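Each remark here refers to the structure printed beneath this line.
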Amino acid sequence: MNVAEKTKTIQPDSLIGKRIPKMDAPEKASGKTRYIHDIDLPGQLHGKILRSARVHARIRSIDTSAARALPGVHVVITAADIPDQRPIGVAKDHLPLKRDRVRSQRDEIAAVAAESEEIALQALKLIKVEYEDLPIISDPTEAIKPGAPLIHPEPHGADGSHEHLKQGMPVAYAGKPDNIAMRFDYGHGDVAQGEAESDVVIEDTFKLHYVTHCCMGVSGIIAEFDASGNLLMYSNTQVPFLHKREFAEYLNMDPSRIRIIQPPIGGGFGSKLDIYPFEVICVFLARAAKRPVKMVFSREEEFLASPTRQPVLLTLRSGCRKDGTLTFRQVHTLHDNGAYTSWGATTPFVMMQTFSSLYRVPHCDYHTTAVYTNNPYAGSFRGYGNLQATFAIEAHMDKLAEAIGMDPLDFRLKNAQEKGEVTGQGMSFKSCGFKECLTTAASRSDFRRKHRENIRNRNTPDPVKRGIGIASMLHVGGGAKIYPSDGCGTILKLDDFAHVTLITGASEIGQGSETVLSQLVCEELGLPISAVTVVNNDTDITPWDVGVHASRTTFIAGNSAIGAAKKAKAKILAAAAKKFECPEADLDLRGGFIIKAASGEPLIDLARLMRNLHFTEKAELVMTTFYYEPPSKHQDKGFKGDVSAAYAWATQVVEVEVDTETGIVRMTRVTGAHDVGRVLNRLGIEGQIEGGVVMGQGYALTEDLTIENGVMRNPNFRDYKLVTAPEIPEMDISFIESMDGEGPQGAKGVGEAPAICIAAATANAIYNATGVRIYGLPFTPERVYRALHGKAEKPYWKPWKPE
Amino acid sequence: MSLKHDIEFTLNGVKRRATVGVGMTTLDMLRDVIGLSGTKYGCGEGECGACTIVVDGASLNSCLMFAVDCHGRNVTTIEGLASDAKADALRDAFVLHGAVQCGFCTPGMMMQASHLLACHPDADADTIKRGIEGNLCRCTGYKKIVDAIASVGETAK
């Protein structure tokens, strides 16, 4: 501090909006970061799971005797060995180890803990299972028909008898009288009136496909019981505190005896939001073996046994007046739930917001049926239903505009939400840069001119046609009040050297939360980013947080960190005011010093003040805590309510080249404008948006998890095509800083936003280029070629809901 | 019949021996026998590039190479880049350009980038994109990785 001490004044400086490198990047770029795959505990065994060889079958018998006899095998378990296992998941319809029936290809039948992975795999091969095949239901439209075979039919108790069957028993025991897993019905206004007031009404069915997260780091867990029976799990979960409570339920344990440590996570994107059978099974193995057990997926297993994005069949009916005013929307969707229920079934929470509130719609009617099939089951995935909803809505925005002869941008601007609006669903837009997103993305991409010119050029002899398409999105940007609390806690500690330890409930999954939270703290305390260490990975140390999901971490954990930092600052200034015998208001923190606020003159360096405070008779340390709960509200039973403290907006313009001779669509340019409230870390937010755009590109063009009759045909990176570096579009990203009043330094969430509009905008761009609209994804050469040559069947699903 | 072989090779500049199973991949040898965990398993079939290493001046997927084939050869892993000044500049560029998010693809990406620059010091953005085509990243959308690599190439100077 010698140099700084000589300076007479310290100028104000800010980290907000700067390009701050991620704090964990040097370790990661050196290969030193220890992911779960890199952790081994002394005495550790390796766990492996035997999955079903059939899609839908009764289990006649399981013979594990040869596996148990294999040298090096410690434990073999089946459902019969775990009589107390309890159903897991959103609908409690899923026993980790299957008892008498498998319902999908991924189903767990037995598990082994052995000295090595090789021995465990060898043991799996020695387990003999006899099956009796059952009819496979892989088409959700078949699954809802009366008389369809049931996926969860048989009522039986936990011990196999019928005696346990009572009202209120979970689905896993009581079964279901039909294949309907979940229902969502929402409405505002009167769609009949809306339709009567319409000059144009259109109806289309959209078919959205299976894709999956493809985290580069495969799933894994290590479970260990200590001598007193306390459970320690190393887990990549995105929701450690919810996990603690849920695991306690599934294991019949006291939650306070469960500790979760999160090693750095090799990609999440929503895939680690639920508890999966492998995690519970690993704990069973550790309990039985009395040794730590590590279980890590192979890539094939990652494909087979991870959740997917929800495939959706969606019929949308919309109308507008000749002047371009939207009149109504009626939506029916059929969600393919797969064999069990995870968060994918609940994506209507987000989908209906987009239908009801992205544009002003006076009348809206929304219905979802999530139906059991023998397919893989769907979980949460970045965007949470919003990619599917936006795909349908933005196709209709283009079609309606064309039907009334209005420019597609003008049509959107006429119906776009504005600041101050409270929507039919009760969402209150306190900051809203939607119109600026629209105009910015349109002007930076020269949308109007290109859109007109591309239409004129459709009939030129060049087989390669250019197209431009626009789409926008609305998403929660200030948390989402789903659980009793949507908050996050922070503990802040300054040591004798003014080094800050920021202990936060919020998880880092690569998005850069450690860095942003540190920036926010440094901004309050006038410290450089190097003055902060973040602790965020241990439920025994960190305060509660609901989890890293819903684009909430910057907003919620950020406000929490600021709250703790403000309390620390107040304590420091109070001590300094006493020392220098002046009012606190005359002092400030800057550059690692206590300064005179008016002049910037340094009075004492912060580290020395910390020591002054500590090593006196009144010995004190600066340690503060803060819990931030956003001022949002739970939805009522009709799904109405202001669930987020802020809402994020974005418009993305996609430009494509369509080769009409091959069907190949090349994405050439993406122009995005994002209302992010305020940019906190420019480097981080750019990276998050670019990554989201390319994830959206994969959803639009290349990724297609092929499920045929319940069997996954492409569980590998050779046949499941992720976008590679040469395919990425040129990207032009603008930030609309609407300065949200509740957001940390004005910021709103952005994590999911960039992936949401790309497929929708690409569909509009292909139409702009060719005059052909394609209603299903992805836009592979084959699908596009068929559509361009009149060989594609337009999907149609007659709107349906149960009586 | 012995299912194990003793091999001798140079790893990150240091001569060493290892006893490896005949069916073992170089990736498993590095991670499980030698204990260097910087090289990552992403797919096990040469599609993702997370396990990229350099052997006798060629970059390859260590999941597709038998460990016994390392015998007599010169192997460099991400840990070996620590003593390479050019790699320091590359690592700093990855950090400063925001090329790292979850970081799981990063060691493989670093290995491929360092190899690419050794072969094509003047690589432009298109060459770089082709050069890292075999390395999948799910977080960044590749742009910042390309920017980082380009910034230490000769064209940037």
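Each chain of the structure tokens is named A, B, ... in the order shown, its residues numbered from 1; ligands are numbered from 1 in display order.
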
Selection near segment 532-539 of chain A, 9 Å with only C-alpha atoms, sequence-local residues under 3 positions removed, as a compact mmCIF listing (two decimals) with all heavy atoms, in the first residue's frame:
```
# COMPACT_ATOMS: atom_id res chain seq x y z
N PRO A 240 -28.63 -27.44 -4.13
CA PRO A 240 -28.16 -28.22 -2.97
C PRO A 240 -29.09 -28.17 -1.77
O PRO A 240 -29.26 -29.19 -1.09
CB PRO A 240 -26.80 -27.60 -2.65
CG PRO A 240 -26.73 -26.32 -3.40
CD PRO A 240 -27.64 -26.45 -4.56
N PHE A 241 -29.71 -27.03 -1.51
CA PHE A 241 -30.53 -26.96 -0.29
C PHE A 241 -31.86 -27.68 -0.46
O PHE A 241 -32.36 -28.30 0.47
CB PHE A 241 -30.71 -25.51 0.15
CG PHE A 241 -29.42 -24.93 0.66
CD1 PHE A 241 -28.57 -24.23 -0.19
CD2 PHE A 241 -29.02 -25.16 1.96
CE1 PHE A 241 -27.35 -23.74 0.26
CE2 PHE A 241 -27.80 -24.67 2.42
CZ PHE A 241 -26.97 -23.97 1.58
N LYS A 244 -31.04 -31.41 -0.09
CA LYS A 244 -30.87 -31.83 1.28
C LYS A 244 -32.21 -32.28 1.87
O LYS A 244 -32.33 -33.35 2.44
CB LYS A 244 -30.34 -30.61 2.06
CG LYS A 244 -29.39 -30.88 3.17
CD LYS A 244 -28.81 -29.56 3.63
CE LYS A 244 -29.00 -29.39 5.11
NZ LYS A 244 -27.84 -29.70 5.92
N ILE A 258 -27.47 -34.40 6.59
CA ILE A 258 -27.04 -34.51 5.20
C ILE A 258 -26.25 -33.26 4.80
O ILE A 258 -26.70 -32.14 5.02
CB ILE A 258 -28.25 -34.67 4.25
CG1 ILE A 258 -29.01 -35.96 4.59
CG2 ILE A 258 -27.80 -34.69 2.79
CD1 ILE A 258 -30.25 -36.18 3.77
N ARG A 259 -25.09 -33.49 4.25
CA ARG A 259 -24.24 -32.37 3.82
C ARG A 259 -23.92 -32.58 2.34
O ARG A 259 -23.60 -33.69 1.92
CB ARG A 259 -22.96 -32.38 4.64
CG ARG A 259 -21.95 -31.33 4.23
CD ARG A 259 -20.73 -31.49 5.11
NE ARG A 259 -19.71 -30.49 4.80
CZ ARG A 259 -18.50 -30.49 5.32
NH1 ARG A 259 -18.15 -31.44 6.19
NH2 ARG A 259 -17.62 -29.57 4.99
N ILE A 260 -24.02 -31.51 1.57
CA ILE A 260 -23.73 -31.61 0.15
C ILE A 260 -22.60 -30.65 -0.21
O ILE A 260 -22.66 -29.45 0.10
CB ILE A 260 -24.98 -31.29 -0.70
CG1 ILE A 260 -26.06 -32.36 -0.44
CG2 ILE A 260 -24.63 -31.24 -2.19
CD1 ILE A 260 -27.39 -32.07 -1.08
N ILE A 261 -21.57 -31.18 -0.83
CA ILE A 261 -20.48 -30.37 -1.34
C ILE A 261 -20.57 -30.39 -2.86
O ILE A 261 -20.72 -31.45 -3.46
CB ILE A 261 -19.11 -30.90 -0.87
CG1 ILE A 261 -18.99 -30.73 0.65
CG2 ILE A 261 -17.97 -30.19 -1.59
CD1 ILE A 261 -17.69 -31.28 1.24
N GLN A 262 -20.54 -29.21 -3.45
CA GLN A 262 -20.58 -29.14 -4.91
C GLN A 262 -19.20 -28.85 -5.45
O GLN A 262 -18.72 -27.72 -5.34
CB GLN A 262 -21.47 -27.97 -5.36
CG GLN A 262 -22.93 -28.09 -5.15
CD GLN A 262 -23.56 -26.73 -5.35
OE1 GLN A 262 -23.36 -25.83 -4.55
NE2 GLN A 262 -24.29 -26.57 -6.42
N PRO A 263 -18.58 -29.82 -6.07
CA PRO A 263 -17.36 -29.49 -6.80
C PRO A 263 -17.75 -28.62 -8.01
O PRO A 263 -18.93 -28.55 -8.35
CB PRO A 263 -16.84 -30.86 -7.28
CG PRO A 263 -17.68 -31.88 -6.59
CD PRO A 263 -18.96 -31.22 -6.23
N PRO A 264 -16.78 -27.97 -8.66
CA PRO A 264 -17.12 -27.18 -9.85
C PRO A 264 -17.92 -28.04 -10.83
O PRO A 264 -17.65 -29.23 -11.00
CB PRO A 264 -15.76 -26.80 -10.42
CG PRO A 264 -14.85 -26.81 -9.25
CD PRO A 264 -15.35 -27.92 -8.36
N HIS A 499 -9.10 -8.68 3.54
CA HIS A 499 -9.51 -9.64 2.51
C HIS A 499 -10.93 -10.09 2.84
O HIS A 499 -11.25 -10.38 3.98
CB HIS A 499 -8.56 -10.84 2.47
CG HIS A 499 -8.83 -11.75 1.31
ND1 HIS A 499 -8.37 -11.46 0.04
CD2 HIS A 499 -9.56 -12.88 1.20
CE1 HIS A 499 -8.78 -12.41 -0.80
NE2 HIS A 499 -9.51 -13.27 -0.12
N VAL A 500 -11.75 -10.14 1.81
CA VAL A 500 -13.16 -10.45 2.00
C VAL A 500 -13.43 -11.91 1.65
O VAL A 500 -13.01 -12.38 0.60
CB VAL A 500 -14.03 -9.56 1.08
CG1 VAL A 500 -15.51 -9.90 1.26
CG2 VAL A 500 -13.78 -8.10 1.35
N THR A 501 -14.11 -12.62 2.55
CA THR A 501 -14.63 -13.93 2.18
C THR A 501 -16.13 -13.78 2.00
O THR A 501 -16.84 -13.38 2.93
CB THR A 501 -14.32 -14.98 3.25
OG1 THR A 501 -12.91 -14.97 3.48
CG2 THR A 501 -14.73 -16.37 2.79
N LEU A 502 -16.57 -14.05 0.78
CA LEU A 502 -17.98 -13.92 0.44
C LEU A 502 -18.57 -15.33 0.43
O LEU A 502 -18.25 -16.14 -0.43
CB LEU A 502 -18.11 -13.28 -0.94
CG LEU A 502 -19.46 -13.31 -1.64
CD1 LEU A 502 -20.51 -12.56 -0.84
CD2 LEU A 502 -19.35 -12.71 -3.03
N ILE A 503 -19.38 -15.62 1.44
CA ILE A 503 -19.97 -16.95 1.54
C ILE A 503 -21.42 -16.83 1.09
O ILE A 503 -22.23 -16.15 1.72
CB ILE A 503 -19.88 -17.47 2.99
CG1 ILE A 503 -18.43 -17.39 3.48
CG2 ILE A 503 -20.41 -18.90 3.09
CD1 ILE A 503 -18.26 -17.68 4.96
N THR A 504 -21.70 -17.43 -0.03
CA THR A 504 -23.03 -17.26 -0.63
C THR A 504 -23.70 -18.60 -0.86
O THR A 504 -23.02 -19.61 -1.09
CB THR A 504 -22.92 -16.50 -1.96
OG1 THR A 504 -24.22 -16.49 -2.60
CG2 THR A 504 -21.94 -17.14 -2.94
N GLY A 505 -25.01 -18.60 -0.81
CA GLY A 505 -25.75 -19.82 -1.12
C GLY A 505 -25.77 -20.13 -2.60
O GLY A 505 -26.08 -21.24 -3.00
N ALA A 506 -25.43 -19.14 -3.42
CA ALA A 506 -25.58 -19.27 -4.87
C ALA A 506 -24.50 -20.15 -5.48
O ALA A 506 -23.33 -20.05 -5.13
CB ALA A 506 -25.54 -17.90 -5.51
N SER A 507 -24.89 -20.98 -6.42
CA SER A 507 -23.95 -21.92 -7.05
C SER A 507 -23.37 -21.33 -8.34
O SER A 507 -24.08 -20.70 -9.11
CB SER A 507 -24.67 -23.22 -7.42
OG SER A 507 -25.26 -23.78 -6.28
N GLU A 508 -22.10 -21.63 -8.54
CA GLU A 508 -21.42 -21.28 -9.80
C GLU A 508 -21.55 -22.50 -10.73
O GLU A 508 -21.12 -23.59 -10.39
CB GLU A 508 -19.96 -20.97 -9.51
CG GLU A 508 -19.02 -20.92 -10.71
CD GLU A 508 -19.10 -19.63 -11.52
OE1 GLU A 508 -19.11 -18.55 -10.92
OE2 GLU A 508 -19.15 -19.73 -12.75
N GLU A 514 -19.61 -16.21 -9.33
CA GLU A 514 -18.59 -15.83 -8.35
C GLU A 514 -18.06 -14.43 -8.65
O GLU A 514 -17.88 -13.60 -7.77
CB GLU A 514 -17.39 -16.80 -8.42
CG GLU A 514 -17.67 -18.15 -7.83
CD GLU A 514 -16.50 -19.12 -8.04
OE1 GLU A 514 -15.51 -18.77 -8.71
OE2 GLU A 514 -16.62 -20.23 -7.54
N THR A 515 -17.80 -14.21 -9.93
CA THR A 515 -17.19 -12.95 -10.34
C THR A 515 -18.16 -11.78 -10.20
O THR A 515 -17.81 -10.72 -9.67
CB THR A 515 -16.69 -13.08 -11.79
OG1 THR A 515 -15.97 -14.31 -11.91
CG2 THR A 515 -15.80 -11.93 -12.18
N LEU A 517 -20.83 -11.57 -8.27
CA LEU A 517 -21.12 -11.29 -6.86
C LEU A 517 -19.95 -10.55 -6.21
O LEU A 517 -20.14 -9.63 -5.42
CB LEU A 517 -21.42 -12.60 -6.11
CG LEU A 517 -22.64 -13.39 -6.60
CD1 LEU A 517 -22.84 -14.65 -5.76
CD2 LEU A 517 -23.90 -12.54 -6.59
N SER A 518 -18.73 -10.95 -6.58
CA SER A 518 -17.55 -10.26 -6.04
C SER A 518 -17.52 -8.80 -6.49
O SER A 518 -17.21 -7.89 -5.72
CB SER A 518 -16.27 -10.95 -6.49
OG SER A 518 -16.24 -12.26 -5.99
N GLN A 519 -17.86 -8.58 -7.76
CA GLN A 519 -17.91 -7.20 -8.27
C GLN A 519 -18.86 -6.35 -7.45
O GLN A 519 -18.56 -5.20 -7.10
CB GLN A 519 -18.44 -7.21 -9.71
CG GLN A 519 -17.42 -7.45 -10.78
CD GLN A 519 -18.11 -7.44 -12.14
OE1 GLN A 519 -18.48 -8.49 -12.65
NE2 GLN A 519 -18.29 -6.26 -12.71
N VAL A 521 -19.88 -6.75 -4.41
CA VAL A 521 -19.36 -6.51 -3.06
C VAL A 521 -18.24 -5.46 -3.11
O VAL A 521 -18.20 -4.54 -2.29
CB VAL A 521 -18.85 -7.84 -2.45
CG1 VAL A 521 -17.99 -7.59 -1.22
CG2 VAL A 521 -20.03 -8.74 -2.10
N CYS A 522 -17.35 -5.60 -4.09
CA CYS A 522 -16.24 -4.65 -4.22
C CYS A 522 -16.74 -3.24 -4.49
O CYS A 522 -16.15 -2.26 -4.06
CB CYS A 522 -15.30 -5.10 -5.34
SG CYS A 522 -14.38 -6.58 -4.90
N LEU A 527 -13.11 -2.00 -3.07
CA LEU A 527 -11.96 -2.90 -3.11
C LEU A 527 -11.75 -3.44 -4.53
O LEU A 527 -12.70 -3.47 -5.32
CB LEU A 527 -12.20 -4.08 -2.16
CG LEU A 527 -12.13 -3.75 -0.66
CD1 LEU A 527 -12.63 -4.94 0.15
CD2 LEU A 527 -10.72 -3.36 -0.24
N PRO A 528 -10.55 -3.88 -4.85
CA PRO A 528 -10.34 -4.55 -6.13
C PRO A 528 -10.87 -5.97 -6.07
O PRO A 528 -11.00 -6.54 -4.99
CB PRO A 528 -8.82 -4.56 -6.29
CG PRO A 528 -8.31 -4.56 -4.89
CD PRO A 528 -9.30 -3.78 -4.07
N ILE A 529 -11.16 -6.53 -7.24
CA ILE A 529 -11.79 -7.86 -7.29
C ILE A 529 -10.89 -8.92 -6.66
O ILE A 529 -11.34 -9.92 -6.12
CB ILE A 529 -12.15 -8.20 -8.75
CG1 ILE A 529 -13.19 -9.32 -8.81
CG2 ILE A 529 -10.95 -8.58 -9.58
CD1 ILE A 529 -14.54 -8.85 -9.18
N THR A 542 -22.45 -22.65 3.69
CA THR A 542 -23.13 -21.56 3.00
C THR A 542 -24.56 -21.41 3.49
O THR A 542 -25.20 -22.39 3.88
CB THR A 542 -23.16 -21.81 1.48
OG1 THR A 542 -23.84 -23.05 1.23
CG2 THR A 542 -21.77 -21.89 0.91
N PRO A 543 -25.06 -20.18 3.48
CA PRO A 543 -26.46 -19.97 3.86
C PRO A 543 -27.39 -20.43 2.73
O PRO A 543 -26.98 -20.63 1.60
CB PRO A 543 -26.55 -18.47 4.08
CG PRO A 543 -25.41 -17.87 3.35
CD PRO A 543 -24.37 -18.92 3.18
N TRP A 544 -28.64 -20.54 3.05
CA TRP A 544 -29.64 -21.13 2.15
C TRP A 544 -29.82 -20.33 0.86
O TRP A 544 -29.72 -19.10 0.84
CB TRP A 544 -30.99 -21.19 2.87
CG TRP A 544 -32.03 -22.06 2.22
CD1 TRP A 544 -32.22 -23.39 2.46
CD2 TRP A 544 -33.03 -21.68 1.27
NE1 TRP A 544 -33.27 -23.84 1.70
CE2 TRP A 544 -33.79 -22.83 0.97
CE3 TRP A 544 -33.35 -20.48 0.64
CZ2 TRP A 544 -34.85 -22.81 0.06
CZ3 TRP A 544 -34.40 -20.46 -0.27
CH2 TRP A 544 -35.14 -21.62 -0.54
```

Check your understanding: Skipping near chain neighbours, those fewer than 2 positions away, what residues fall within 10 Å of Ser380 of chain A using only C-alpha atoms, listed as a list in words?
Key ->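 Skipping anything fewer than 2 positions along the chain leaves Thr212, His213, Phe269, Gly270, Ser271, Lys272, Leu273, Asp274, Pro307, Thr308, Arg309, Gln310, Ser342, Trp343, Gly344, Ala345, Thr346, Thr347, Ala378, Arg382, Gly383, Tyr384, Gly385, His549 and Ala550 of chain A.
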
Check your understanding: Using only C-alpha atoms, which residue out of B:Ser114, B:Arg16, B:Ser151, B:Lys144 lies closest to Ala85 of chain B?
Key ->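 Residue with the minimum atom-to-atom distance to Ala85 of chain B: B:Ser114.
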
Check your understanding: Mind checking DSSP for segment 1-156 of chain B and telling me the alpha helix (DSSP H) residues as an MDAnalysis selection string?
Key -> chainID B and resid 26:28 85:96 106:119 125:131 143:152

Review point. For Ser306 of chain A, which of A:Ala575, A:Ala763, A:Leu609, A:Leu705 is the closest residue, counting only C-alpha atoms?
Key: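 Residue with the minimum atom-to-atom distance to Ser306 of chain A: A:Leu705.
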
Exercise for review: Using only C-alpha atoms, find the residues of chain A whose closest atom to chain B is at most 8 Å away, then write them as a VMD selection string.
Suggested key: chain A and resid 20 to 22 25 to 26 28 to 34 38 214 to 218 264 to 267 298 to 300 509 to 512 683 to 684 687 to 688 690 to 695 716 to 718 722 to 726 728

Exercise for review: Determine, counting only C-alpha atoms, which protein, DNA and RNA residues have an atom within 9 Å of an atom of Leu777 of chain A; residues of the same chain fewer than 4 positions away are not included. Present the result as a list in words.
Suggested key: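 Residues near the query, excluding close chain neighbours: Phe206, Lys207, Leu208, His209, Tyr699, Ala700, Leu701, Asp704, Ala759, Ala763 and Arg783 of chain A.
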
Would you output that residue set with N, CA and C atoms, as a PDB file, in the first residue's frame?
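Below is the file selection-v2.pdb, written as the result:
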```
ATOM      1  N   PHE A 206     -47.804 -26.966 -34.128  1.00  0.00           N
ATOM      2  CA  PHE A 206     -46.340 -26.954 -34.137  1.00  0.00           C
ATOM      3  C   PHE A 206     -45.845 -28.193 -33.404  1.00  0.00           C
ATOM      4  N   LYS A 207     -44.780 -28.761 -33.930  1.00  0.00           N
ATOM      5  CA  LYS A 207     -44.258 -29.993 -33.336  1.00  0.00           C
ATOM      6  C   LYS A 207     -42.811 -29.771 -32.911  1.00  0.00           C
ATOM      7  N   LEU A 208     -42.606 -29.758 -31.605  1.00  0.00           N
ATOM      8  CA  LEU A 208     -41.272 -29.486 -31.061  1.00  0.00           C
ATOM      9  C   LEU A 208     -40.648 -30.782 -30.563  1.00  0.00           C
ATOM     10  N   HIS A 209     -39.382 -30.923 -30.812  1.00  0.00           N
ATOM     11  CA  HIS A 209     -38.722 -32.218 -30.708  1.00  0.00           C
ATOM     12  C   HIS A 209     -37.942 -32.394 -29.408  1.00  0.00           C
ATOM     13  N   TYR A 699     -30.639 -26.128 -31.341  1.00  0.00           N
ATOM     14  CA  TYR A 699     -32.059 -26.492 -31.233  1.00  0.00           C
ATOM     15  C   TYR A 699     -32.744 -26.288 -32.587  1.00  0.00           C
ATOM     16  N   ALA A 700     -32.370 -25.218 -33.261  1.00  0.00           N
ATOM     17  CA  ALA A 700     -33.028 -24.882 -34.533  1.00  0.00           C
ATOM     18  C   ALA A 700     -32.566 -25.777 -35.684  1.00  0.00           C
ATOM     19  N   LEU A 701     -31.268 -26.066 -35.731  1.00  0.00           N
ATOM     20  CA  LEU A 701     -30.734 -26.649 -36.963  1.00  0.00           C
ATOM     21  C   LEU A 701     -30.217 -28.082 -36.853  1.00  0.00           C
ATOM     22  N   ASP A 704     -31.161 -33.279 -32.570  1.00  0.00           N
ATOM     23  CA  ASP A 704     -32.399 -34.043 -32.669  1.00  0.00           C
ATOM     24  C   ASP A 704     -32.185 -35.386 -31.982  1.00  0.00           C
ATOM     25  N   ALA A 759     -34.673 -20.364 -32.588  1.00  0.00           N
ATOM     26  CA  ALA A 759     -35.403 -21.265 -33.491  1.00  0.00           C
ATOM     27  C   ALA A 759     -36.591 -20.542 -34.115  1.00  0.00           C
ATOM     28  N   ALA A 763     -37.118 -19.929 -38.135  1.00  0.00           N
ATOM     29  CA  ALA A 763     -38.296 -20.346 -38.912  1.00  0.00           C
ATOM     30  C   ALA A 763     -38.802 -19.184 -39.757  1.00  0.00           C
ATOM     31  N   ARG A 783     -35.518 -32.275 -43.641  1.00  0.00           N
ATOM     32  CA  ARG A 783     -36.822 -31.680 -43.367  1.00  0.00           C
ATOM     33  C   ARG A 783     -37.056 -30.464 -44.259  1.00  0.00           C
TER      34      ARG A 783
END
```

Exercise for review: Could you tell me which of B:Val20, B:Ala148, B:Leu3, B:Ala89 comes closest to Val33 of chain B if we count only C-alpha atoms?
Suggested key: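 Among the listed residues, the smallest separation from Val33 of chain B belongs to B:Val20.
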
From segment 497-565 of chain A, collect each residue whose DSSP state is strand (DSSP E) and return the set as a PDB file with N, CA, C and O atoms, in the first residue's frame.
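Once written, part.pdb looks like this:
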```
ATOM      1  N   VAL A 500     -11.750 -10.139   1.811  1.00  0.00           N
ATOM      2  CA  VAL A 500     -13.160 -10.450   2.000  1.00  0.00           C
ATOM      3  C   VAL A 500     -13.432 -11.911   1.654  1.00  0.00           C
ATOM      4  O   VAL A 500     -13.013 -12.377   0.596  1.00  0.00           O
ATOM      5  N   THR A 501     -14.107 -12.617   2.548  1.00  0.00           N
ATOM      6  CA  THR A 501     -14.628 -13.929   2.178  1.00  0.00           C
ATOM      7  C   THR A 501     -16.132 -13.778   1.999  1.00  0.00           C
ATOM      8  O   THR A 501     -16.842 -13.381   2.926  1.00  0.00           O
ATOM      9  N   LEU A 502     -16.566 -14.052   0.776  1.00  0.00           N
ATOM     10  CA  LEU A 502     -17.981 -13.921   0.441  1.00  0.00           C
ATOM     11  C   LEU A 502     -18.568 -15.329   0.433  1.00  0.00           C
ATOM     12  O   LEU A 502     -18.248 -16.143  -0.433  1.00  0.00           O
ATOM     13  N   ILE A 503     -19.380 -15.616   1.436  1.00  0.00           N
ATOM     14  CA  ILE A 503     -19.971 -16.951   1.544  1.00  0.00           C
ATOM     15  C   ILE A 503     -21.424 -16.830   1.086  1.00  0.00           C
ATOM     16  O   ILE A 503     -22.227 -16.150   1.719  1.00  0.00           O
ATOM     17  N   THR A 504     -21.705 -17.429  -0.033  1.00  0.00           N
ATOM     18  CA  THR A 504     -23.025 -17.257  -0.629  1.00  0.00           C
ATOM     19  C   THR A 504     -23.696 -18.603  -0.855  1.00  0.00           C
ATOM     20  O   THR A 504     -23.025 -19.608  -1.094  1.00  0.00           O
ATOM     21  N   VAL A 532     -11.317 -10.531  -2.956  1.00  0.00           N
ATOM     22  CA  VAL A 532     -12.441 -11.384  -2.559  1.00  0.00           C
ATOM     23  C   VAL A 532     -12.158 -12.861  -2.838  1.00  0.00           C
ATOM     24  O   VAL A 532     -11.634 -13.217  -3.893  1.00  0.00           O
ATOM     25  N   THR A 533     -12.492 -13.696  -1.874  1.00  0.00           N
ATOM     26  CA  THR A 533     -12.559 -15.150  -2.093  1.00  0.00           C
ATOM     27  C   THR A 533     -14.013 -15.548  -1.925  1.00  0.00           C
ATOM     28  O   THR A 533     -14.668 -15.099  -0.979  1.00  0.00           O
ATOM     29  N   VAL A 534     -14.505 -16.382  -2.845  1.00  0.00           N
ATOM     30  CA  VAL A 534     -15.902 -16.799  -2.765  1.00  0.00           C
ATOM     31  C   VAL A 534     -15.982 -18.243  -2.276  1.00  0.00           C
ATOM     32  O   VAL A 534     -15.271 -19.110  -2.773  1.00  0.00           O
ATOM     33  N   VAL A 535     -16.840 -18.476  -1.298  1.00  0.00           N
ATOM     34  CA  VAL A 535     -17.132 -19.827  -0.833  1.00  0.00           C
ATOM     35  C   VAL A 535     -18.601 -20.091  -1.148  1.00  0.00           C
ATOM     36  O   VAL A 535     -19.476 -19.354  -0.701  1.00  0.00           O
TER      37      VAL A 535
END
```

**Study point:** Contacts of segment 143-147 of chain A at 10 Å (only C-alpha atoms; same-chain gap of 4+ positions) as a ChimeraX atom specification
**Key:** /A:136-139,151,178-180,334,336,369-374,800-802

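Note that atom CA of Met253 of chain A and atom CA of Pro83 of chain A are 15.2 Å apart.
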
Point to revise | Near-segment 662-675 of chain A list (8 Å; only C-alpha atoms; drop same-chain fewer than 2 positions) as a ChimeraX atom specification | key: /A:432-434,437-438,440-441,444-445,648-660,677-678,693,697,701,727-738,779-786,788

Check your understanding: Can you list, as a list in words, every protein, DNA or RNA residue that comes within 6 Å of segment 91-102 of chain A when you count only C-alpha atoms, leaving out same-chain residues fewer than 2 positions away?
Key -> His56, Ala57, Arg58, Ile59, Ala79, Pro87, Ile88, Gly89, Ser104, Asp107, Glu108, Ile109, Pro170, Val171, Ala172, Pro277 and Thr341 of chain A

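Rounded to one decimal, atom CA of Asn415 of chain A and atom CA of Asp190 of chain A lie 18.4 Å from each other.
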
Point to revise | Residues within 12 Å of Asn454 of chain A, only C-alpha atoms, excluding chain neighbours under 4 positions, as number ranges by chain | key: A: 447-450, 458-460, 464-469, 655-658, 764-771
